[in-house]
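Chemist: Below you'll find the structure I mean.
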Amino acid sequence: MAKKVRKNDIKFKEITIKFDNKIHRVFYLVKNNRSQVMDSFRQLETDTQDRIKAMINDMAVLGDKFDNEKNIRWKLRKYDYGEIKLDCHRMIFFQKFENNIIFFKYLEKKGKLKDAVYKSLQKEKDEYEKEFKRPI
Amino acid sequence: MKKNSKDQYKDIDDFFAADFTSNQKAWSMIHNYYNLILSEMKKKEIKRTDIAAKLKVTPAAVSKLLNKTPNISLRKMVELADSVGLDFELRPVIVQNEIENPTVIYLNWNIKSETSCKIEASSSSATWFPGKHYYEPVKPSRSTVNEELTCYGG
């Protein structure tokens, strides 16, 4: 008998930030046992992975003082989520309870994204945000 | 047997939990360097064309400089920092007991304004702290190595 899969089993896994002086905790979304953002991250070149790791650590430690508008936008205009953008790689995240950063989507696209994509990301973000409980 | 998500993403968890590699340290330093440059440009309303005029290069060359790469030369880093009013100095410090106290090389930033920040680096037997802009030697404690192992601003 086929196993019944529960729809939208949403979990958030924490990324280890080794620095004591971090002001944010960082999580990634795991939906139905899969993480689209980390599955995609795995496929990236080592240098890009290194760069993203360094960037995530800087975000966790410096918070929005880490203002590097070319690569990080903490909040997109008109929307309440942000993105890391390195060349064609975009890691989309939202913030909840002030000090939690949650990565929920990876997109590969050079140049501008269509507004419809941003709207759809907003919907996704709203869905995940509801599920994110204040971590202990 | 199907892996659960805990096992599935163990490699990811390990990757982020591991100490910074040289490449990751280089990227973190570059991010922090540009963070300071861009913040200073924003604060002082310095345009790329202003920097181009100071450095006697084209605005396109400035844009190229601002395209982050860990391979930016030390000379270019100094020139760019200077053009936005930041002082950049590399100062080696030999500590007396080499075994107990590793040789520390400081990479200092002194912003010519009321806010100052330093990026300091030491030898490999140290830990990289991206937000604090310095490596902290494992042994001995920070304060006994050098009083200047302190970060201002950033």
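We label chains A, B, ... in the order they appear in the structure tokens, count residues from 1 in each chain, and number ligands from 1 in the order shown.
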Among chain A, which ones does DSSP assign to strand (DSSP E or B) (computed from the backbone)? Answer as a PyMOL selection string.

Modeler: chain A and resi 10-15+25-31+34+72-73+82-86+89-96+100-108

Chemist: Given a cut-off of 6 Å, which residues of chain A touch chain B, counting only C-alpha atoms, written out as a list in words?

Modeler: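 For chain A, the answer reads Thr16, Asn33, Asp50, Arg51, Ala54, Val61, Leu62 and Asn68 of chain A.
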
Chemist: Keeping only N, CA and C atoms, take the residues you just selected and write them out as a PDB file, in the first residue's frame.

Modeler:
```pdb
ATOM      1  N   THR A  16      24.540  26.124  11.468  1.00  0.00           N
ATOM      2  CA  THR A  16      25.457  26.454  12.556  1.00  0.00           C
ATOM      3  C   THR A  16      26.295  27.669  12.202  1.00  0.00           C
ATOM      4  N   ASN A  33      10.330  16.804   3.491  1.00  0.00           N
ATOM      5  CA  ASN A  33      11.632  16.143   3.559  1.00  0.00           C
ATOM      6  C   ASN A  33      12.655  16.631   2.528  1.00  0.00           C
ATOM      7  N   ASP A  50      31.422  28.941  -1.023  1.00  0.00           N
ATOM      8  CA  ASP A  50      32.266  29.609  -0.020  1.00  0.00           C
ATOM      9  C   ASP A  50      31.818  31.048   0.189  1.00  0.00           C
ATOM     10  N   ARG A  51      31.518  31.683  -0.928  1.00  0.00           N
ATOM     11  CA  ARG A  51      31.123  33.091  -0.868  1.00  0.00           C
ATOM     12  C   ARG A  51      29.800  33.245  -0.121  1.00  0.00           C
ATOM     13  N   ALA A  54      30.356  32.666   3.620  1.00  0.00           N
ATOM     14  CA  ALA A  54      30.950  33.862   4.235  1.00  0.00           C
ATOM     15  C   ALA A  54      29.888  34.945   4.410  1.00  0.00           C
ATOM     16  N   VAL A  61      26.284  37.794  11.932  1.00  0.00           N
ATOM     17  CA  VAL A  61      27.090  38.516  12.925  1.00  0.00           C
ATOM     18  C   VAL A  61      26.832  40.025  12.898  1.00  0.00           C
ATOM     19  N   LEU A  62      26.734  40.564  11.690  1.00  0.00           N
ATOM     20  CA  LEU A  62      26.604  42.032  11.584  1.00  0.00           C
ATOM     21  C   LEU A  62      25.163  42.509  11.455  1.00  0.00           C
ATOM     22  N   ASN A  68      25.354  45.624   1.964  1.00  0.00           N
ATOM     23  CA  ASN A  68      26.130  45.440   0.750  1.00  0.00           C
ATOM     24  C   ASN A  68      25.114  45.326  -0.376  1.00  0.00           C
TER      25      ASN A  68
END
```

Chemist: Quick one, how far is atom CA of A:Thr46 from atom CA of A:Lys125?

Modeler: 27.8 Å

Chemist: With only C-alpha atoms as the counted atoms, please give the residues lying no more than 10 Å from A:Phe41, apart from itself and same-chain residues fewer than 6 positions off, as a PyMOL selection string.

Modeler: (chain A and resi 35+48-49+52+89+91+106) or (chain B and resi 12)

Chemist: For A:Ile56, which residue among A:Leu121, A:Leu113, A:Ile17, A:Ile136 is the nearest when counting only C-alpha atoms?

Modeler: A:Ile17

Chemist: Within 10 Å of A:Asn71, counting only C-alpha atoms, which residues qualify if same-chain residues fewer than 5 places away don't, as a list in words?

Modeler: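 The contact residues come out as Met55, Glu83, Ile84, Lys85, Leu86, Asp87 and Arg90 of chain A; His31 and Lys68 of chain B.
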
Chemist: Could you jot down the atom CA of A:Asn99 to atom CA of A:His24 separation for me, Å, one decimal place?

Modeler: 4.5 Å

Chemist: Could you please write out, as a list in words, every residue of stretch 28-102 of chain A that DSSP assigns to alpha helix (DSSP H)?

Modeler: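 Matching residues for alpha helix (DSSP H) in stretch 28-102 of chain A are Gln36, Val37, Met38, Asp39, Ser40, Phe41, Arg42, Gln43, Thr46, Asp47, Thr48, Gln49, Asp50, Arg51, Ile52, Lys53, Ala54, Met55, Ile56, Asn57, Asp58, Met59, Ala60, Val61 and Leu62 of chain A.
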
Chemist: Residues as selected, C-alpha atoms, written as a JSON list (two decimals), in the first residue's frame, can you do that?

Modeler:
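Once written, result-v7.json looks like this:
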```json
[["chain", "number", "residue", "atom", "x", "y", "z"],
["A", 36, "GLN", "CA", 14.87, 23.22, -2.51],
["A", 37, "VAL", "CA", 17.26, 25.92, -1.35],
["A", 38, "MET", "CA", 19.92, 23.52, -0.07],
["A", 39, "ASP", "CA", 19.50, 20.98, -2.88],
["A", 40, "SER", "CA", 20.30, 23.85, -5.24],
["A", 41, "PHE", "CA", 23.12, 25.14, -3.02],
["A", 42, "ARG", "CA", 24.78, 21.72, -3.29],
["A", 43, "GLN", "CA", 24.95, 22.07, -7.08],
["A", 46, "THR", "CA", 32.75, 25.56, -4.51],
["A", 47, "ASP", "CA", 33.78, 29.20, -4.79],
["A", 48, "THR", "CA", 30.14, 30.34, -4.90],
["A", 49, "GLN", "CA", 29.33, 28.10, -1.93],
["A", 50, "ASP", "CA", 32.27, 29.61, -0.02],
["A", 51, "ARG", "CA", 31.12, 33.09, -0.87],
["A", 52, "ILE", "CA", 27.57, 32.38, 0.27],
["A", 53, "LYS", "CA", 28.79, 30.80, 3.50],
["A", 54, "ALA", "CA", 30.95, 33.86, 4.24],
["A", 55, "MET", "CA", 28.01, 36.11, 3.42],
["A", 56, "ILE", "CA", 25.55, 34.20, 5.62],
["A", 57, "ASN", "CA", 28.02, 34.35, 8.51],
["A", 58, "ASP", "CA", 28.46, 38.09, 8.01],
["A", 59, "MET", "CA", 24.68, 38.52, 7.95],
["A", 60, "ALA", "CA", 24.35, 36.56, 11.20],
["A", 61, "VAL", "CA", 27.09, 38.52, 12.93],
["A", 62, "LEU", "CA", 26.60, 42.03, 11.58]]
```

Chemist: Compare A:Phe103, A:Tyr79, A:Glu127, A:Lys109 by their minimum atom-to-atom distance to A:Phe12, counting only C-alpha atoms, and give me the closest one.

Modeler: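 When distances to A:Phe12 are compared using only C-alpha atoms, the smallest one comes from A:Phe103.
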